[in-house]
Amino acid sequence: MSTERITKKLTFKTFRFNAETDFLPYFKTYEMEVGKDELVLDILNRIKWEFDGSFSYRRSCRHGICGSCSIKVNGKPVLSCKQNVWELVDIFKTDTLLLEPQSTKRVVKDMIIDKSDFWSKHDKLKPYLEAEIDENPAEEIRVSPKEAEELLEADYCIQCGNCYYACPVVEVNEEYFGPAQFAKAYRFNADVRDTAKKERLEAVREMGPGVWDCVKCFECAEACPKDVNPIEKITKLHNQIFEEGMAQNNVATRHAVGFKHSIVKHGILDEGELVRYSEGNIGVLKHLPEAIAMFKKGKIVMPWNMPKSKKLDEIKTLVKSSSKVKF
Amino acid sequence: MAELKYALYTGCTARESTPELLMSTMAVAKKLGIELVLLDEASCCGASHLQDFDDFLSLVLNARNICYAEKEGLDMVTICNTCQLNTVMTKERLDSDEDLKSQVNEKLAEVGLEYKGTSSVRHFLYAIIDDYGLDRLAEKVEKPLSDFNIAAFYGCHNIRPSHIHHKHNSKVIEEDVGEGGGEEAFTTEPLLSKYNDNENPYNPTSLDRLIEALKGKSVDYESKNKCCGFHADLQAPKTANRLTGTALLDAIDNDADMMVTPCPLCHLNMDVKQHAVAKEMGRDIALPVLHLPQLVGLALGIDPKELGLQHNVAPVEFV
């Protein structure tokens, strides 16, 4: 059996910045032979040990459970201790990989970022179980496998922040809680032992910081190294808000409900009516400039010309029989 | 090569606020000899908003749409990224959960339908690239787009979540990884190699390759795989406008003469809202934004009127 080590010569372009001494960030390039088993964390270690002892990054468990070592490689958020380097070469079809911190605007030193915004938002959503616990219980609290399964995926979150710093809404709205925080809120809301569900829903239903400001881009689902699928949990929080009768009458909730109204009436969406229904008769006026521009270009369908799906009766029957959610 | 024939799920937007998308899709399909059967019975896919309100209803309605493609014995093509994602997410859930599938089929039986899962669902972009073939398309180009820098804007719902698109939207190159066990079971070979020819959501290439097949120059810019914010347009307009504006300005700053997108919802934000977005960003914005089939159609020499370019809000003056 051959003992020759198969390697690839790779170039790592690395983001460097020390908030205490540098005015601007810069990039340093390192070349090395990389074996097929090496992980991104091995490369971070090798840069520090073989090239520059001042190179800084976070690491701890090396087992994919502490979430410390997350960075971005060629824009892709990765958990360094789980991510194989050759796999990235394969995905990006390049021998040059760009190593960057999760968020360049929050950098303290090199790959290390200030995650205080992540944690403070996390804390606001009661990321713990609230339950009336009998100090001397006669028997254990029973949770069925099916009930446990409801929260299992969300429970895998290791708070690495990959989804949070990949979220475009977090980037432009400082108030927005963020996908990891919503996944955690869902984790406890889905726990049959918890009693703080309505408090969490009150927080997450708020416009601005809450779930209605999600742009549904799936960046969070893509970024998660533990397959938590935060956007699915955000959707489930939306569902809980309606199911618990806690949906406030606002533009976001009317927007969701408006789809059902249009489908019953036309099968397809009445786009103009949806905007009016969601915004209200006064609010809709702010869309007038775009509506006029669209009208001039023949992009507005008049109510009397609104197309309908063939076999609309079938659609109506299914909506009546399948829809149980009230608003 | 067998003639290509699909069931076309138009979605709602192509029937209303982007009539030019349906016109150009039909014109391009005709020119390429692709037969499209319109699914006029179909309903709205819920656009990810009905799903927030009533998840089960959205499953039933999307399954019903697929049933009509199945009745035709055809695979479905979509022309909207959001329709594509909502339809394949329904398919994914029903195909992997017998219990859920029977709950949905119980409802569909009330109108004499049954979801079987026999039709595949893919976006027209990938039907052109993978089924028709870029080489064949390149041969049909009558008016090469060589004078233009074209910015591809992919739209979230065609590239994320990638595992679903790799399974449904793209041509999967399956690799024989052998039986489990022995040394093979512990191999550290790259795990995603079977997706080699599929879309990487962090560096998508399909639209760029298409632009190159049409002899255009594809613009390299950071925002190509980012979100336009459409799904928060009403409830978070500032967020949406900033996302739209960032992408448009990024394309402009990288010398784009025009933008192209396979998603009519991205198109609405990028084309119709340029004035509002310019106010939010504090800079003038004027960039023609074309639907995917409009761009293909121009290169194929189809009359601009047939492609509905007169319906675009941002003027397409280079034609």
# chains A, B, ... in the order shown; residues from 1 in each chain; ligands from 1

$ residues_around --residues "B:Glu98" --least-positions-apart "5" --cutoff "12 Å" --atoms "only C-alpha atoms" --output "list of chain:residue names"
B:Lys91, B:Glu92, B:Arg93, B:Gln103, B:Val104, B:Asn105, B:Tyr115, B:Lys116, B:Gly117

$ residues_around --residues "stretch 17-33 of chain B" --least-positions-apart "6" --cutoff "7 Å" --atoms "only C-alpha atoms" --output "MDAnalysis selection string"
(chainID A and resid 299:300) or (chainID B and resid 264 291 293:294 297 306:309 311)

$ closest_residue --among "A:Arg193, A:Arg205, A:His63, A:Lys320" --to "A:Ile158" --atoms "only C-alpha atoms"
A:His63

$ closest_atom_pairs --of "stretch 109-180 of chain B" --to "stretch 242-260 of chain B" --cutoff "9 Å" --atoms "only C-alpha atoms" --output "tab-separated table"
residue	atom	partner	partner_atom	distance
B:Phe148	CA	B:Asp257	CA	6.0
B:Asn149	CA	B:Ala256	CA	5.0
B:Ile150	CA	B:Met258	CA	5.2
B:Ala151	CA	B:Met259	CA	4.5
B:Ala152	CA	B:Val260	CA	5.2
B:Phe153	CA	B:Val260	CA	6.0
B:Tyr154	CA	B:Val260	CA	8.3

$ residues_around --residues "stretch 155-171 of chain B" --least-positions-apart "4" --cutoff "9 Å" --atoms "only C-alpha atoms" --output "NGL selection string"
(:A and (216-219 or 221-222)) or (:B and (80-86 or 88-89 or 92 or 120-123 or 126-127 or 130-131 or 195 or 197-202 or 204 or 224-228 or 261-263 or 265-266))

$ closest_residue --among "B:Asp75, B:Asp233, B:Asp147, B:Glu317" --to "B:Ala276" --atoms "only C-alpha atoms"
B:Asp233

$ residues_around --residues "A:Leu99" --least-positions-apart "3" --cutoff "6 Å" --atoms "only C-alpha atoms" --output "ChimeraX atom specification"
/A:14,72-73

$ residues_around --residues "A:Ile231" --least-positions-apart "3" --cutoff "10 Å" --atoms "only C-alpha atoms" --output "number ranges by chain"
A: 163, 179-180, 182-183, 211, 214-222, 228, 234-237

$ write_last_selection --atoms "all heavy atoms" --output "short mmCIF file (atom, residue, chain, number, x, y, z; two decimals), in the first residue's frame"
data_model
loop_
_atom_site.label_atom_id
_atom_site.label_comp_id
_atom_site.auth_asym_id
_atom_site.auth_seq_id
_atom_site.Cartn_x
_atom_site.Cartn_y
_atom_site.Cartn_z
N CYS A 163 -26.21 31.66 9.82
CA CYS A 163 -27.45 32.11 9.18
C CYS A 163 -27.67 33.59 9.46
O CYS A 163 -28.10 34.35 8.58
CB CYS A 163 -28.64 31.29 9.66
SG CYS A 163 -28.98 31.43 11.44
N PRO A 179 -32.54 34.91 11.80
CA PRO A 179 -33.00 33.52 11.67
C PRO A 179 -32.65 32.60 12.83
O PRO A 179 -33.48 31.78 13.24
CB PRO A 179 -32.36 33.04 10.37
CG PRO A 179 -31.37 34.07 9.97
CD PRO A 179 -31.72 35.35 10.65
N ALA A 180 -31.44 32.71 13.37
CA ALA A 180 -31.07 31.81 14.48
C ALA A 180 -31.96 32.07 15.69
O ALA A 180 -32.38 31.14 16.39
CB ALA A 180 -29.60 32.02 14.86
N PHE A 182 -35.03 33.27 15.65
CA PHE A 182 -36.37 32.75 15.41
C PHE A 182 -36.39 31.22 15.54
O PHE A 182 -37.36 30.64 16.04
CB PHE A 182 -36.87 33.15 14.01
CG PHE A 182 -37.12 34.62 13.86
CD1 PHE A 182 -36.64 35.32 12.77
CD2 PHE A 182 -37.83 35.33 14.83
CE1 PHE A 182 -36.87 36.69 12.64
CE2 PHE A 182 -38.07 36.70 14.70
CZ PHE A 182 -37.58 37.38 13.60
N ALA A 183 -35.33 30.58 15.07
CA ALA A 183 -35.27 29.11 15.18
C ALA A 183 -35.29 28.71 16.66
O ALA A 183 -35.92 27.73 17.05
CB ALA A 183 -34.02 28.57 14.49
N VAL A 211 -40.91 38.36 12.53
CA VAL A 211 -40.88 37.40 11.42
C VAL A 211 -41.47 37.93 10.11
O VAL A 211 -41.16 37.42 9.04
CB VAL A 211 -41.63 36.08 11.77
CG1 VAL A 211 -40.81 35.24 12.72
CG2 VAL A 211 -43.02 36.35 12.32
N CYS A 214 -39.03 39.02 7.23
CA CYS A 214 -38.20 38.04 6.49
C CYS A 214 -38.45 38.19 4.99
O CYS A 214 -39.60 38.29 4.56
CB CYS A 214 -38.59 36.62 6.94
SG CYS A 214 -37.90 35.31 5.92
N VAL A 215 -37.37 38.21 4.21
CA VAL A 215 -37.53 38.36 2.75
C VAL A 215 -37.60 37.01 2.03
O VAL A 215 -37.68 36.96 0.81
CB VAL A 215 -36.40 39.21 2.13
CG1 VAL A 215 -36.54 40.66 2.51
CG2 VAL A 215 -35.02 38.67 2.49
N LYS A 216 -37.54 35.92 2.77
CA LYS A 216 -37.72 34.56 2.22
C LYS A 216 -36.67 34.22 1.17
O LYS A 216 -36.97 33.63 0.14
CB LYS A 216 -39.12 34.40 1.65
CG LYS A 216 -40.24 34.64 2.67
CD LYS A 216 -41.58 34.68 2.00
CE LYS A 216 -42.69 35.06 2.96
NZ LYS A 216 -43.08 34.01 3.88
N CYS A 217 -35.43 34.60 1.44
CA CYS A 217 -34.36 34.39 0.46
C CYS A 217 -33.66 33.04 0.61
O CYS A 217 -32.86 32.66 -0.22
CB CYS A 217 -33.33 35.50 0.56
SG CYS A 217 -32.43 35.47 2.13
N PHE A 218 -33.93 32.35 1.72
CA PHE A 218 -33.34 31.03 1.99
C PHE A 218 -31.83 31.06 2.20
O PHE A 218 -31.18 30.02 2.17
CB PHE A 218 -33.72 30.00 0.91
CG PHE A 218 -35.15 29.52 1.02
CD1 PHE A 218 -36.20 30.31 0.58
CD2 PHE A 218 -35.45 28.30 1.59
CE1 PHE A 218 -37.52 29.89 0.70
CE2 PHE A 218 -36.77 27.87 1.72
CZ PHE A 218 -37.80 28.66 1.26
N GLU A 219 -31.26 32.25 2.41
CA GLU A 219 -29.83 32.32 2.73
C GLU A 219 -29.56 31.56 4.03
O GLU A 219 -28.53 30.91 4.18
CB GLU A 219 -29.38 33.78 2.91
CG GLU A 219 -29.26 34.57 1.62
CD GLU A 219 -27.91 34.45 0.94
OE1 GLU A 219 -27.14 33.53 1.26
OE2 GLU A 219 -27.65 35.28 0.05
N CYS A 220 -30.48 31.65 5.00
CA CYS A 220 -30.28 31.01 6.30
C CYS A 220 -30.25 29.49 6.17
O CYS A 220 -29.42 28.82 6.78
CB CYS A 220 -31.33 31.46 7.31
SG CYS A 220 -33.04 31.18 6.79
N ALA A 221 -31.17 28.97 5.35
CA ALA A 221 -31.23 27.51 5.18
C ALA A 221 -29.94 27.02 4.51
O ALA A 221 -29.41 25.96 4.84
CB ALA A 221 -32.43 27.14 4.32
N GLU A 222 -29.44 27.83 3.57
CA GLU A 222 -28.24 27.45 2.84
C GLU A 222 -27.01 27.52 3.73
O GLU A 222 -26.09 26.70 3.61
CB GLU A 222 -28.07 28.40 1.65
CG GLU A 222 -27.14 27.93 0.58
CD GLU A 222 -27.62 26.67 -0.12
OE1 GLU A 222 -28.80 26.57 -0.47
OE2 GLU A 222 -26.78 25.77 -0.32
N VAL A 228 -30.59 23.04 10.32
CA VAL A 228 -31.70 23.49 11.16
C VAL A 228 -32.84 24.05 10.30
O VAL A 228 -34.00 24.01 10.68
CB VAL A 228 -31.20 24.56 12.17
CG1 VAL A 228 -32.37 25.26 12.85
CG2 VAL A 228 -30.29 23.90 13.21
N ILE A 234 -39.26 29.85 10.72
CA ILE A 234 -39.90 31.17 10.61
C ILE A 234 -41.32 31.00 10.07
O ILE A 234 -42.27 31.60 10.58
CB ILE A 234 -39.06 32.11 9.71
CG1 ILE A 234 -37.73 32.46 10.41
CG2 ILE A 234 -39.82 33.39 9.36
CD1 ILE A 234 -36.73 33.24 9.57
N THR A 235 -41.47 30.14 9.07
CA THR A 235 -42.81 29.86 8.52
C THR A 235 -43.71 29.26 9.60
O THR A 235 -44.88 29.62 9.72
CB THR A 235 -42.71 28.89 7.32
OG1 THR A 235 -41.87 29.50 6.34
CG2 THR A 235 -44.06 28.60 6.70
N LYS A 236 -43.14 28.37 10.42
CA LYS A 236 -43.95 27.76 11.48
C LYS A 236 -44.36 28.78 12.53
O LYS A 236 -45.42 28.68 13.13
CB LYS A 236 -43.19 26.58 12.10
CG LYS A 236 -43.16 25.38 11.16
CD LYS A 236 -42.51 24.18 11.80
CE LYS A 236 -42.68 22.96 10.88
NZ LYS A 236 -42.05 21.75 11.44
N LEU A 237 -43.49 29.78 12.77
CA LEU A 237 -43.87 30.85 13.70
C LEU A 237 -45.02 31.68 13.10
O LEU A 237 -45.94 32.08 13.82
CB LEU A 237 -42.67 31.74 14.03
CG LEU A 237 -41.60 31.11 14.94
CD1 LEU A 237 -40.37 32.02 15.02
CD2 LEU A 237 -42.14 30.85 16.35
#

$ atom_distance --atom1 "atom CA of A:Thr94" --atom2 "atom CA of A:Thr11"
9.4 Å

$ atom_distance --atom1 "atom CA of B:Val316" --atom2 "atom CA of B:Asn269"
16.1 Å

$ select_by_dssp --residues "stretch 106-316 of chain A" --states "helix (DSSP H, G or I)" --output "ChimeraX atom specification"
/A:106,116-124,145-155,162-166,168-172,179-189,197-204,211-213,219-223,230-243,251-266,271-296,303-305,312-316

$ residues_around --residues "stretch 32-42 of chain A" --least-positions-apart "6" --cutoff "12 Å" --atoms "only C-alpha atoms" --output "ChimeraX atom specification"
/A:4-13,48-51,56-64,68-73,77-90,95-100,111 /B:186-191

$ residues_around --residues "stretch 131-147 of chain A" --least-positions-apart "5" --cutoff "8 Å" --atoms "only C-alpha atoms" --output "PDB file with all heavy atoms, in the first residue's frame"
ATOM      1  N   ASP A 191     -42.059  23.127  22.240  1.00  0.00           N
ATOM      2  CA  ASP A 191     -41.848  22.211  23.365  1.00  0.00           C
ATOM      3  C   ASP A 191     -43.133  22.140  24.188  1.00  0.00           C
ATOM      4  O   ASP A 191     -43.591  23.162  24.714  1.00  0.00           O
ATOM      5  CB  ASP A 191     -40.672  22.722  24.222  1.00  0.00           C
ATOM      6  CG  ASP A 191     -40.171  21.666  25.191  1.00  0.00           C
ATOM      7  OD1 ASP A 191     -41.025  20.961  25.791  1.00  0.00           O
ATOM      8  OD2 ASP A 191     -38.951  21.543  25.341  1.00  0.00           O
ATOM      9  N   VAL A 192     -43.715  20.947  24.298  1.00  0.00           N
ATOM     10  CA  VAL A 192     -45.020  20.814  24.970  1.00  0.00           C
ATOM     11  C   VAL A 192     -44.960  21.194  26.444  1.00  0.00           C
ATOM     12  O   VAL A 192     -45.989  21.454  27.073  1.00  0.00           O
ATOM     13  CB  VAL A 192     -45.596  19.380  24.836  1.00  0.00           C
ATOM     14  CG1 VAL A 192     -46.055  19.126  23.422  1.00  0.00           C
ATOM     15  CG2 VAL A 192     -44.584  18.326  25.288  1.00  0.00           C
ATOM     16  N   ARG A 193     -43.754  21.245  27.021  1.00  0.00           N
ATOM     17  CA  ARG A 193     -43.643  21.576  28.452  1.00  0.00           C
ATOM     18  C   ARG A 193     -43.619  23.079  28.692  1.00  0.00           C
ATOM     19  O   ARG A 193     -43.788  23.543  29.806  1.00  0.00           O
ATOM     20  CB  ARG A 193     -42.343  20.967  29.018  1.00  0.00           C
ATOM     21  CG  ARG A 193     -42.269  19.461  28.868  1.00  0.00           C
ATOM     22  CD  ARG A 193     -40.856  18.962  29.063  1.00  0.00           C
ATOM     23  NE  ARG A 193     -39.942  19.503  28.056  1.00  0.00           N
ATOM     24  CZ  ARG A 193     -38.633  19.287  28.046  1.00  0.00           C
ATOM     25  NH1 ARG A 193     -38.075  18.553  28.984  1.00  0.00           N
ATOM     26  NH2 ARG A 193     -37.868  19.803  27.099  1.00  0.00           N
ATOM     27  N   ASP A 194     -43.387  23.854  27.633  1.00  0.00           N
ATOM     28  CA  ASP A 194     -43.158  25.296  27.782  1.00  0.00           C
ATOM     29  C   ASP A 194     -44.465  26.070  27.980  1.00  0.00           C
ATOM     30  O   ASP A 194     -45.501  25.706  27.444  1.00  0.00           O
ATOM     31  CB  ASP A 194     -42.438  25.814  26.527  1.00  0.00           C
ATOM     32  CG  ASP A 194     -42.063  27.267  26.654  1.00  0.00           C
ATOM     33  OD1 ASP A 194     -41.089  27.562  27.369  1.00  0.00           O
ATOM     34  OD2 ASP A 194     -42.767  28.109  26.065  1.00  0.00           O
ATOM     35  N   THR A 195     -44.376  27.158  28.763  1.00  0.00           N
ATOM     36  CA  THR A 195     -45.578  27.962  29.007  1.00  0.00           C
ATOM     37  C   THR A 195     -45.423  29.415  28.529  1.00  0.00           C
ATOM     38  O   THR A 195     -46.277  30.242  28.805  1.00  0.00           O
ATOM     39  CB  THR A 195     -45.904  27.989  30.520  1.00  0.00           C
ATOM     40  OG1 THR A 195     -44.740  28.447  31.223  1.00  0.00           O
ATOM     41  CG2 THR A 195     -46.334  26.638  31.034  1.00  0.00           C
ATOM     42  N   ALA A 196     -44.329  29.716  27.846  1.00  0.00           N
ATOM     43  CA  ALA A 196     -44.084  31.114  27.439  1.00  0.00           C
ATOM     44  C   ALA A 196     -44.317  31.349  25.946  1.00  0.00           C
ATOM     45  O   ALA A 196     -43.862  32.340  25.383  1.00  0.00           O
ATOM     46  CB  ALA A 196     -42.661  31.514  27.801  1.00  0.00           C
TER      47      ALA A 196
END
